[in-house]
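Asker: Data file target.tsv (TSV, C-alpha atoms (C1' of nucleotides)) is appended below.
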```tsv
chain	number	residue	atom	x	y	z
A	1	MET	CA	-32.05	29.09	3.77
A	2	PRO	CA	-33.96	26.54	5.83
A	3	ASP	CA	-32.98	26.45	9.47
A	4	ALA	CA	-30.79	23.78	10.93
A	5	GLU	CA	-33.67	22.07	12.65
A	6	SER	CA	-35.59	21.51	9.42
A	7	ARG	CA	-32.49	20.19	7.83
A	8	PHE	CA	-31.85	17.79	10.69
A	9	ARG	CA	-35.47	16.62	10.67
A	10	GLU	CA	-35.20	16.02	6.97
A	11	TYR	CA	-32.03	14.04	7.40
A	12	LEU	CA	-33.52	11.97	10.19
A	13	SER	CA	-36.71	11.12	8.36
A	14	ALA	CA	-34.75	10.28	5.22
A	15	LYS	CA	-32.88	7.77	7.34
A	16	GLY	CA	-36.02	6.51	9.03
A	17	LEU	CA	-34.85	7.87	12.37
A	18	GLY	CA	-36.95	9.73	14.88
A	19	ALA	CA	-36.68	13.40	15.77
A	20	THR	CA	-36.62	12.79	19.49
A	21	ASP	CA	-36.58	15.43	22.21
A	22	GLN	CA	-33.01	14.53	23.09
A	23	ARG	CA	-31.80	14.90	19.53
A	24	LEU	CA	-33.48	18.24	19.08
A	25	ALA	CA	-32.24	19.53	22.42
A	26	ILE	CA	-28.70	18.60	21.44
A	27	LEU	CA	-29.04	20.27	18.04
A	28	ASP	CA	-30.34	23.37	19.75
A	29	GLU	CA	-27.43	23.48	22.11
A	30	VAL	CA	-24.93	22.85	19.36
A	31	MET	CA	-26.31	25.69	17.25
A	32	SER	CA	-26.10	28.04	20.21
A	33	LEU	CA	-22.41	27.32	20.71
A	34	HIS	CA	-20.58	29.78	18.54
A	35	ARG	CA	-17.13	28.39	18.88
A	36	HIS	CA	-15.46	25.02	18.82
A	37	PHE	CA	-16.80	22.70	21.45
A	38	GLU	CA	-16.39	19.21	22.79
A	39	ALA	CA	-19.03	16.64	23.49
A	40	ASP	CA	-18.66	17.34	27.16
A	41	ASP	CA	-19.45	21.04	26.70
A	42	VAL	CA	-22.79	20.10	25.25
A	43	HIS	CA	-23.41	17.69	28.08
A	44	ALA	CA	-22.56	20.25	30.75
A	45	ARG	CA	-24.77	22.94	29.24
A	46	LEU	CA	-27.71	20.63	28.85
A	47	ARG	CA	-27.29	19.51	32.41
A	48	GLN	CA	-27.40	23.14	33.56
A	49	LYS	CA	-30.76	23.46	31.88
A	50	SER	CA	-31.70	20.30	33.77
A	51	HIS	CA	-31.93	18.16	30.71
A	52	ARG	CA	-30.87	14.66	31.72
A	53	ILE	CA	-29.21	13.38	28.59
A	54	SER	CA	-26.50	10.79	28.93
A	55	PRO	CA	-23.08	11.30	27.40
A	56	ALA	CA	-23.63	8.27	25.20
A	57	THR	CA	-26.60	9.97	23.61
A	58	ILE	CA	-24.61	13.14	23.07
A	59	PHE	CA	-21.95	11.20	21.22
A	60	ARG	CA	-24.50	9.28	19.20
A	61	THR	CA	-26.31	12.45	18.23
A	62	LEU	CA	-23.14	14.33	17.38
A	63	ALA	CA	-22.31	11.51	15.00
A	64	LEU	CA	-25.68	12.03	13.32
A	65	LEU	CA	-25.10	15.76	13.11
A	66	VAL	CA	-21.75	15.13	11.48
A	67	GLU	CA	-23.30	12.70	9.02
A	68	SER	CA	-25.98	15.19	8.17
A	69	GLY	CA	-23.39	17.85	7.50
A	70	ILE	CA	-24.65	20.25	10.16
A	71	VAL	CA	-21.62	19.77	12.34
A	72	GLN	CA	-18.01	19.16	11.44
A	73	LYS	CA	-15.63	17.14	13.49
A	74	ASN	CA	-11.94	17.87	13.80
A	75	PRO	CA	-10.81	17.26	10.27
A	76	CYS	CA	-7.38	15.83	11.02
A	77	GLU	CA	-8.68	12.67	12.65
A	78	GLN	CA	-6.49	10.44	10.55
A	79	MET	CA	-3.41	12.22	11.80
A	80	VAL	CA	-4.12	11.75	15.50
A	81	GLY	CA	-1.37	9.96	17.34
A	82	ARG	CA	0.86	10.05	14.28
A	83	TYR	CA	4.45	11.15	14.23
A	84	GLU	CA	6.99	11.70	11.48
A	85	HIS	CA	10.67	12.43	11.74
A	86	VAL	CA	11.52	15.84	10.43
A	87	PHE	CA	15.24	15.89	11.05
A	88	GLY	CA	16.95	16.60	7.75
A	89	HIS	CA	13.63	17.08	5.98
A	90	GLN	CA	12.18	20.29	4.66
A	91	HIS	CA	8.81	21.45	5.82
A	92	HIS	CA	5.95	19.99	3.82
A	93	ASP	CA	2.21	19.54	3.93
A	94	HIS	CA	0.00	16.54	3.31
A	95	LEU	CA	-2.54	15.12	0.96
A	96	VAL	CA	-4.48	12.40	2.77
A	97	CYS	CA	-6.45	9.84	0.78
A	98	LEU	CA	-9.79	9.16	2.39
A	99	ALA	CA	-10.05	5.76	0.72
A	100	CYS	CA	-6.68	4.09	1.25
A	101	GLY	CA	-5.16	6.34	3.91
A	102	ARG	CA	-2.13	7.07	1.77
A	103	ILE	CA	-0.34	10.24	2.77
A	104	ILE	CA	1.40	12.25	0.07
A	105	GLU	CA	3.73	15.07	1.00
A	106	PHE	CA	4.05	18.30	-0.94
A	107	ARG	CA	5.55	21.75	-0.74
A	108	ASN	CA	4.11	24.95	-2.15
A	109	GLY	CA	5.75	28.32	-1.86
A	110	PRO	CA	2.81	30.60	-2.63
A	111	ILE	CA	0.63	28.95	0.00
A	112	GLU	CA	3.37	29.45	2.59
A	113	ARG	CA	3.62	33.12	1.71
A	114	TRP	CA	-0.12	33.67	1.89
A	115	GLN	CA	-0.20	32.01	5.27
A	116	GLN	CA	2.37	34.42	6.55
A	117	LYS	CA	0.22	37.22	5.25
A	118	VAL	CA	-2.90	35.90	6.97
A	119	ALA	CA	-1.02	35.63	10.25
A	120	GLU	CA	0.13	39.22	9.94
A	121	GLU	CA	-3.38	40.42	9.20
A	122	HIS	CA	-4.53	38.92	12.50
A	123	ASP	CA	-1.57	40.23	14.43
A	124	PHE	CA	-0.64	36.64	15.02
A	125	GLN	CA	2.91	35.42	15.48
A	126	MET	CA	3.13	32.28	13.38
A	127	ALA	CA	5.05	29.41	14.93
A	128	GLY	CA	4.09	26.81	12.40
A	129	HIS	CA	1.24	25.54	10.38
A	130	HIS	CA	-0.25	22.42	9.01
A	131	LEU	CA	-2.25	21.98	5.88
A	132	ILE	CA	-4.11	18.81	5.12
A	133	ILE	CA	-5.90	18.29	1.86
A	134	ARG	CA	-8.32	15.41	2.08
A	135	GLY	CA	-9.61	13.61	-0.98
A	136	TYR	CA	-9.01	10.65	-3.21
A	137	CYS	CA	-5.64	9.78	-4.66
A	138	SER	CA	-5.00	8.78	-8.26
A	139	ARG	CA	-5.25	5.09	-7.38
A	140	CYS	CA	-8.57	5.41	-5.55
A	141	ARG	CA	-10.56	8.11	-7.28
B	1	MET	CA	24.68	18.27	8.44
B	2	PRO	CA	25.26	16.29	11.62
B	3	ASP	CA	23.31	13.07	11.81
B	4	ALA	CA	20.24	12.68	13.92
B	5	GLU	CA	22.03	10.65	16.53
B	6	SER	CA	24.59	13.35	17.24
B	7	ARG	CA	21.85	15.87	17.48
B	8	PHE	CA	19.88	13.72	19.90
B	9	ARG	CA	22.95	13.06	22.02
B	10	GLU	CA	23.62	16.76	22.11
B	11	TYR	CA	20.07	17.48	23.19
B	12	LEU	CA	20.21	14.82	25.88
B	13	SER	CA	23.47	15.94	27.36
B	14	ALA	CA	22.35	19.57	27.28
B	15	LYS	CA	19.41	18.45	29.40
B	16	GLY	CA	21.57	16.29	31.65
B	17	LEU	CA	19.88	13.16	30.40
B	18	GLY	CA	21.57	9.92	29.49
B	19	ALA	CA	21.92	8.51	26.00
B	20	THR	CA	20.70	5.04	26.96
B	21	ASP	CA	20.51	2.01	24.70
B	22	GLN	CA	16.74	2.20	24.67
B	23	ARG	CA	16.68	5.83	23.62
B	24	LEU	CA	19.16	5.26	20.83
B	25	ALA	CA	17.36	2.15	19.62
B	26	ILE	CA	14.12	4.10	19.44
B	27	LEU	CA	15.78	6.96	17.58
B	28	ASP	CA	17.24	4.46	15.15
B	29	GLU	CA	13.90	2.89	14.50
B	30	VAL	CA	12.20	6.24	14.11
B	31	MET	CA	14.74	7.40	11.55
B	32	SER	CA	14.28	4.22	9.57
B	33	LEU	CA	10.53	4.77	9.27
B	34	HIS	CA	10.02	6.83	6.18
B	35	ARG	CA	6.39	7.60	6.59
B	36	HIS	CA	4.05	8.63	9.36
B	37	PHE	CA	4.02	6.23	12.24
B	38	GLU	CA	2.44	5.66	15.60
B	39	ALA	CA	4.09	4.80	18.87
B	40	ASP	CA	2.89	1.26	18.48
B	41	ASP	CA	4.64	0.85	15.12
B	42	VAL	CA	7.93	1.61	16.78
B	43	HIS	CA	7.14	-0.81	19.56
B	44	ALA	CA	6.21	-3.61	17.17
B	45	ARG	CA	9.31	-3.16	15.04
B	46	LEU	CA	11.63	-3.10	18.03
B	47	ARG	CA	9.96	-6.20	19.36
B	48	GLN	CA	10.62	-7.96	16.06
B	49	LYS	CA	14.27	-7.22	16.49
B	50	SER	CA	13.89	-8.70	19.97
B	51	HIS	CA	14.45	-5.45	21.74
B	52	ARG	CA	12.35	-5.55	24.87
B	53	ILE	CA	11.38	-1.93	25.29
B	54	SER	CA	8.15	-1.14	27.08
B	55	PRO	CA	5.49	1.06	25.50
B	56	ALA	CA	5.93	3.54	28.34
B	57	THR	CA	9.53	4.05	27.33
B	58	ILE	CA	8.56	4.49	23.70
B	59	PHE	CA	6.16	7.25	24.63
B	60	ARG	CA	8.66	8.87	26.93
B	61	THR	CA	11.35	8.81	24.30
B	62	LEU	CA	9.06	10.06	21.54
B	63	ALA	CA	8.30	13.03	23.75
B	64	LEU	CA	12.02	13.72	24.01
B	65	LEU	CA	12.42	13.41	20.26
B	66	VAL	CA	9.62	15.88	19.76
B	67	GLU	CA	11.17	18.29	22.24
B	68	SER	CA	14.51	18.02	20.51
B	69	GLY	CA	12.88	18.80	17.18
B	70	ILE	CA	13.88	15.54	15.52
B	71	VAL	CA	10.35	14.26	15.38
B	72	GLN	CA	7.09	16.09	14.87
B	73	LYS	CA	3.83	15.06	16.35
B	74	ASN	CA	0.51	15.49	14.65
B	75	PRO	CA	0.17	19.24	14.70
B	76	CYS	CA	-3.59	19.42	15.12
B	77	GLU	CA	-3.55	18.02	18.63
B	78	GLN	CA	-5.49	20.91	20.04
B	79	MET	CA	-8.31	20.23	17.65
B	80	VAL	CA	-8.81	16.60	18.61
B	81	GLY	CA	-12.27	15.85	19.85
B	82	ARG	CA	-13.48	19.29	18.86
B	83	TYR	CA	-16.56	19.99	16.83
B	84	GLU	CA	-18.02	23.13	15.31
B	85	HIS	CA	-21.35	23.64	13.64
B	86	VAL	CA	-20.95	24.49	10.00
B	87	PHE	CA	-24.56	24.79	8.96
B	88	GLY	CA	-25.06	28.22	7.47
B	89	HIS	CA	-21.37	29.06	7.77
B	90	GLN	CA	-18.89	29.47	4.97
B	91	HIS	CA	-15.78	27.36	4.89
B	92	HIS	CA	-12.93	28.80	6.90
B	93	ASP	CA	-9.58	27.86	8.36
B	94	HIS	CA	-8.07	28.34	11.79
B	95	LEU	CA	-5.41	30.21	13.67
B	96	VAL	CA	-4.73	28.39	16.94
B	97	CYS	CA	-2.98	30.17	19.79
B	98	LEU	CA	-0.44	27.91	21.46
B	99	ALA	CA	-0.56	29.92	24.66
B	100	CYS	CA	-4.24	30.46	25.41
B	101	GLY	CA	-5.86	27.97	23.05
B	102	ARG	CA	-7.93	30.67	21.36
B	103	ILE	CA	-9.11	29.71	17.91
B	104	ILE	CA	-9.53	32.42	15.30
B	105	GLU	CA	-11.27	31.68	12.03
B	106	PHE	CA	-10.26	33.15	8.70
B	107	ARG	CA	-10.89	32.82	5.00
B	108	ASN	CA	-8.40	33.37	2.22
B	109	GLY	CA	-9.18	32.97	-1.45
B	110	PRO	CA	-5.68	32.71	-2.89
B	111	ILE	CA	-4.78	29.89	-0.51
B	112	GLU	CA	-7.90	28.00	-1.53
B	113	ARG	CA	-7.00	28.37	-5.18
B	114	TRP	CA	-3.44	27.21	-4.68
B	115	GLN	CA	-4.68	24.18	-2.81
B	116	GLN	CA	-6.84	23.24	-5.75
B	117	LYS	CA	-3.81	23.57	-7.93
B	118	VAL	CA	-1.68	21.35	-5.69
B	119	ALA	CA	-4.38	18.68	-5.71
B	120	GLU	CA	-4.50	18.76	-9.49
B	121	GLU	CA	-0.75	18.45	-9.74
B	122	HIS	CA	-0.93	15.24	-7.75
B	123	ASP	CA	-3.89	13.91	-9.68
B	124	PHE	CA	-5.78	14.08	-6.43
B	125	GLN	CA	-9.51	14.67	-6.19
B	126	MET	CA	-9.91	17.17	-3.38
B	127	ALA	CA	-12.83	16.54	-1.03
B	128	GLY	CA	-11.88	19.11	1.56
B	129	HIS	CA	-8.97	20.55	3.37
B	130	HIS	CA	-7.96	21.98	6.65
B	131	LEU	CA	-5.35	24.55	7.36
B	132	ILE	CA	-4.19	25.30	10.86
B	133	ILE	CA	-1.75	28.07	11.59
B	134	ARG	CA	-0.25	27.70	15.02
B	135	GLY	CA	1.36	30.55	16.87
B	136	TYR	CA	0.69	33.26	19.40
B	137	CYS	CA	-2.27	35.60	19.24
B	138	SER	CA	-2.14	39.33	19.75
B	139	ARG	CA	-3.01	38.95	23.44
B	140	CYS	CA	-0.33	36.35	24.15
B	141	ARG	CA	2.63	37.17	21.98
C	1	DA	C1'	35.84	-2.20	44.33
C	2	DT	C1'	32.15	-0.08	47.06
C	3	DC	C1'	28.83	3.30	48.35
C	4	DG	C1'	25.34	6.56	47.44
C	5	DC	C1'	22.80	9.29	44.44
C	6	DT	C1'	19.95	10.30	40.71
C	7	DA	C1'	18.25	8.83	36.28
C	8	DT	C1'	15.83	5.27	33.88
C	9	DT	C1'	13.10	1.46	33.10
C	10	DG	C1'	9.19	-2.03	32.98
C	11	DA	C1'	4.92	-3.52	34.68
C	12	DG	C1'	0.73	-2.59	35.70
C	13	DA	C1'	-2.76	0.61	37.40
C	14	DA	C1'	-5.04	4.77	36.20
C	15	DT	C1'	-7.06	8.05	33.09
C	16	DC	C1'	-9.47	10.08	29.34
C	17	DA	C1'	-12.51	10.20	25.74
C	18	DC	C1'	-15.24	7.61	23.58
C	19	DT	C1'	-17.98	3.27	22.16
C	20	DT	C1'	-20.64	-0.72	22.78
C	21	DG	C1'	-23.85	-4.13	24.91
C	22	DC	C1'	-27.93	-4.56	26.90
C	23	DA	C1'	-32.23	-4.25	29.25
C	24	DA	C1'	-36.03	-1.03	29.62
C	25	DC	C1'	-38.88	1.96	27.32
C	26	DA	C1'	-41.45	4.66	23.52
C	27	DC	C1'	-44.32	4.79	19.78
C	28	DG	C1'	-46.44	3.88	15.30
C	29	DA	C1'	-48.43	-0.03	12.79
C	30	DT	C1'	-51.42	-4.10	13.05
D	1	DA	C1'	-53.55	-4.75	23.36
D	2	DT	C1'	-49.50	-6.54	20.80
D	3	DC	C1'	-45.58	-6.39	18.03
D	4	DG	C1'	-41.47	-4.54	16.23
D	5	DT	C1'	-38.21	-1.43	15.52
D	6	DG	C1'	-35.96	2.68	17.15
D	7	DT	C1'	-33.97	5.09	21.44
D	8	DT	C1'	-32.11	5.76	25.69
D	9	DG	C1'	-29.37	5.39	30.08
D	10	DC	C1'	-26.33	2.81	32.49
D	11	DA	C1'	-22.48	0.42	33.00
D	12	DA	C1'	-18.83	-2.18	31.17
D	13	DG	C1'	-15.40	-2.18	27.55
D	14	DT	C1'	-11.71	0.00	24.55
D	15	DG	C1'	-7.52	1.92	22.99
D	16	DA	C1'	-4.15	5.15	23.44
D	17	DT	C1'	-1.48	7.40	26.50
D	18	DT	C1'	0.22	8.69	31.22
D	19	DC	C1'	1.30	7.81	35.90
D	20	DT	C1'	3.12	5.28	39.97
D	21	DC	C1'	6.40	2.84	41.96
D	22	DA	C1'	9.70	-0.53	42.98
D	23	DA	C1'	13.83	-2.49	40.89
D	24	DT	C1'	17.95	-1.45	38.32
D	25	DA	C1'	21.64	1.02	35.98
D	26	DG	C1'	25.20	4.26	35.61
D	27	DC	C1'	28.38	7.38	37.46
D	28	DG	C1'	31.11	10.16	40.55
D	29	DA	C1'	33.06	10.15	45.13
D	30	DT	C1'	35.39	7.42	48.63
```
As structure tokens, please, write out the structure in this file.
Answerer:
Amino acid sequence: MPDAESRFREYLSAKGLGATDQRLAILDEVMSLHRHFEADDVHARLRQKSHRISPATIFRTLALLVESGIVQKNPCEQMVGRYEHVFGHQHHDHLVCLACGRIIEFRNGPIERWQQKVAEEHDFQMAGHHLIIRGYCSRCR
Amino acid sequence: MPDAESRFREYLSAKGLGATDQRLAILDEVMSLHRHFEADDVHARLRQKSHRISPATIFRTLALLVESGIVQKNPCEQMVGRYEHVFGHQHHDHLVCLACGRIIEFRNGPIERWQQKVAEEHDFQMAGHHLIIRGYCSRCR
DNA sequence: ATCGCTATTGAGAATCACTTGCAACACGAT
DNA sequence: ATCGTGTTGCAAGTGATTCTCAATAGCGAT
């Protein structure tokens, strides 16, 4: 498996973009963070190492890393700030169409049961869950 | 089953809060929206009916509706603005602790397979998915 | 009816997390 | 050296939400 840096360099040159010091420093930092992080975490850690990279550059580079598939952003973006009334409704999960934004609701017993099992395995007291399947709906595929 | 309004009134009086016109108008609007919505949708629709309710009140009331369990907010809030590097990692899902914010990763084959099945049932081309189980971890429960 | 108290509201300022505009700069090609 | 495009930092702009605060409403006590 090639390392992340080669892959990023490849992606950048394929796009005609430069592998600048800032971009590589950010990649480095990102790969050294072994849990979920926010843009600001990267900024703070780089600052500690006396790199002077502006937040704007962090955001711009993270976007490149996401595009190149090295980094994944919170995958429920389209649900942010959304509500739904649940009163009188049964629990359900969602299929979200990446093309038209349509949201389809569904219910599936076996998945629910397996989730309970996973929670138990991790000694985790489940309070709720949310499953989002992203893709393309019948109208858009 | 009691209607949503009774339930909301009950919740409000239990909390010593008033069932004001604004709150009831917002509840009404929310219950008439049969898909996911944002605070601004409620505001726009109320404005059309020439209710003059400020956005601040909409947000305040939505918070009450969430607390009372009538409305559910996007359940991946804690993941917003978070990234993780995925290069060289296998796909996994997340357990999120509501108390300490800890995020535990897990993989589960049967769930993955059932998801594929659900997508097929809805003639949906799956591009990815994300499953979040919320609850309390072993340290916090 | 009037008073006094707390709850509630609207307006606008503040905040937070990004994003964008822009001028300065870097660097390979000419 | 010059040009041209790509990059960056700074600072201003955004959009969604939250906060502050003064005005108002509602309700029980007088």
Asker: Have a look at atom CA of Ser6 of chain A and atom CA of Gln22 of chain A and let me know their distance in Å, one decimal.
Answerer: 15.6 Å
Asker: I want to know what sits within 12 Å of segment 11-20 of chain B, based on all atoms listed in the file, with residues of the same chain fewer than 5 positions away left out; could you give that as an MDAnalysis selection string?
Answerer: (chainID B and resid 4:6 25:27 53 57 61 64:70) or (chainID C and resid 6:9) or (chainID D and resid 25:27)
Asker: I need the contact residues of chain B against chain D, so if you could list those with any atom within 10 Å, counting only C-alpha atoms (C1' of nucleotides), and return them as a list in words, that would help.
Answerer: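 The answer, sorted by residue number, is Gly18, Thr20, Ala39, Asp40, Pro55, Ala56, Phe59 and Arg60 of chain B.
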Asker: Work out how far apart atom CA of Glu120 of chain B and atom CA of Arg113 of chain A are and give it in Å to one decimal.
Answerer: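 Atom-to-atom, atom CA of Glu120 of chain B and atom CA of Arg113 of chain A are spaced 19.9 Å apart.
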Asker: Between atom CA of His94 of chain B and atom CA of His34 of chain A, measure the distance and give it in Å to one decimal.
Answerer: 14.3 Å
Asker: Taking only residues of chain B that have an atom at most 6 Å from an atom of chain A, what is each one's shortest atom pair and its distance in Å to one decimal, using only C-alpha atoms, in chain and number order, as JSON lines?
Answerer:
```
{"residue": "B:His36", "atom": "CA", "partner": "A:Glu84", "partner_atom": "CA", "distance": 4.8}
{"residue": "B:Phe37", "atom": "CA", "partner": "A:Tyr83", "partner_atom": "CA", "distance": 5.3}
{"residue": "B:Glu38", "atom": "CA", "partner": "A:Arg82", "partner_atom": "CA", "distance": 4.8}
{"residue": "B:Ile70", "atom": "CA", "partner": "A:Phe87", "partner_atom": "CA", "distance": 4.7}
{"residue": "B:Val71", "atom": "CA", "partner": "A:His85", "partner_atom": "CA", "distance": 4.1}
{"residue": "B:Gln72", "atom": "CA", "partner": "A:Glu84", "partner_atom": "CA", "distance": 5.5}
{"residue": "B:Lys73", "atom": "CA", "partner": "A:Tyr83", "partner_atom": "CA", "distance": 4.5}
{"residue": "B:Asn74", "atom": "CA", "partner": "A:Arg82", "partner_atom": "CA", "distance": 5.5}
{"residue": "B:Met79", "atom": "CA", "partner": "A:Asn74", "partner_atom": "CA", "distance": 5.8}
{"residue": "B:Val80", "atom": "CA", "partner": "A:Asn74", "partner_atom": "CA", "distance": 5.9}
{"residue": "B:Arg82", "atom": "CA", "partner": "A:Glu38", "partner_atom": "CA", "distance": 4.9}
{"residue": "B:Tyr83", "atom": "CA", "partner": "A:Lys73", "partner_atom": "CA", "distance": 4.5}
{"residue": "B:Glu84", "atom": "CA", "partner": "A:His36", "partner_atom": "CA", "distance": 4.7}
{"residue": "B:His85", "atom": "CA", "partner": "A:Val71", "partner_atom": "CA", "distance": 4.1}
{"residue": "B:Val86", "atom": "CA", "partner": "A:Val71", "partner_atom": "CA", "distance": 5.3}
{"residue": "B:Phe87", "atom": "CA", "partner": "A:Ile70", "partner_atom": "CA", "distance": 4.7}
{"residue": "B:Ile111", "atom": "CA", "partner": "A:Ile111", "partner_atom": "CA", "distance": 5.5}
{"residue": "B:Asp123", "atom": "CA", "partner": "A:Ser138", "partner_atom": "CA", "distance": 5.4}
{"residue": "B:Phe124", "atom": "CA", "partner": "A:Cys137", "partner_atom": "CA", "distance": 4.7}
{"residue": "B:Gln125", "atom": "CA", "partner": "A:Tyr136", "partner_atom": "CA", "distance": 5.0}
{"residue": "B:Met126", "atom": "CA", "partner": "A:Gly135", "partner_atom": "CA", "distance": 4.3}
{"residue": "B:Ala127", "atom": "CA", "partner": "A:Gly135", "partner_atom": "CA", "distance": 4.4}
{"residue": "B:Gly128", "atom": "CA", "partner": "A:Arg134", "partner_atom": "CA", "distance": 5.2}
{"residue": "B:His129", "atom": "CA", "partner": "A:Ile133", "partner_atom": "CA", "distance": 4.1}
{"residue": "B:His130", "atom": "CA", "partner": "A:Ile132", "partner_atom": "CA", "distance": 5.2}
{"residue": "B:Leu131", "atom": "CA", "partner": "A:Leu131", "partner_atom": "CA", "distance": 4.3}
{"residue": "B:Ile132", "atom": "CA", "partner": "A:His130", "partner_atom": "CA", "distance": 5.2}
{"residue": "B:Ile133", "atom": "CA", "partner": "A:His129", "partner_atom": "CA", "distance": 4.1}
{"residue": "B:Arg134", "atom": "CA", "partner": "A:Gly128", "partner_atom": "CA", "distance": 5.1}
{"residue": "B:Gly135", "atom": "CA", "partner": "A:Met126", "partner_atom": "CA", "distance": 4.3}
{"residue": "B:Tyr136", "atom": "CA", "partner": "A:Gln125", "partner_atom": "CA", "distance": 5.0}
{"residue": "B:Cys137", "atom": "CA", "partner": "A:Phe124", "partner_atom": "CA", "distance": 4.6}
{"residue": "B:Ser138", "atom": "CA", "partner": "A:Asp123", "partner_atom": "CA", "distance": 5.4}
```
Asker: Given a cut-off of 10 Å, which residues of chain C touch chain A, counting only C-alpha atoms (C1' of nucleotides), written out as an MDAnalysis selection string?
Answerer: chainID C and resid 17:20
Asker: Kindly provide, as JSON, the centre and edge lengths (Å, one decimal) of an axis-aligned box around all atoms of segment 9-19 of chain B given in the file, with 6 Å on each side.
Answerer:
```
{"center_x": 21.5, "center_y": 14.0, "center_z": 26.8, "size_x": 16.2, "size_y": 23.1, "size_z": 21.6}
```
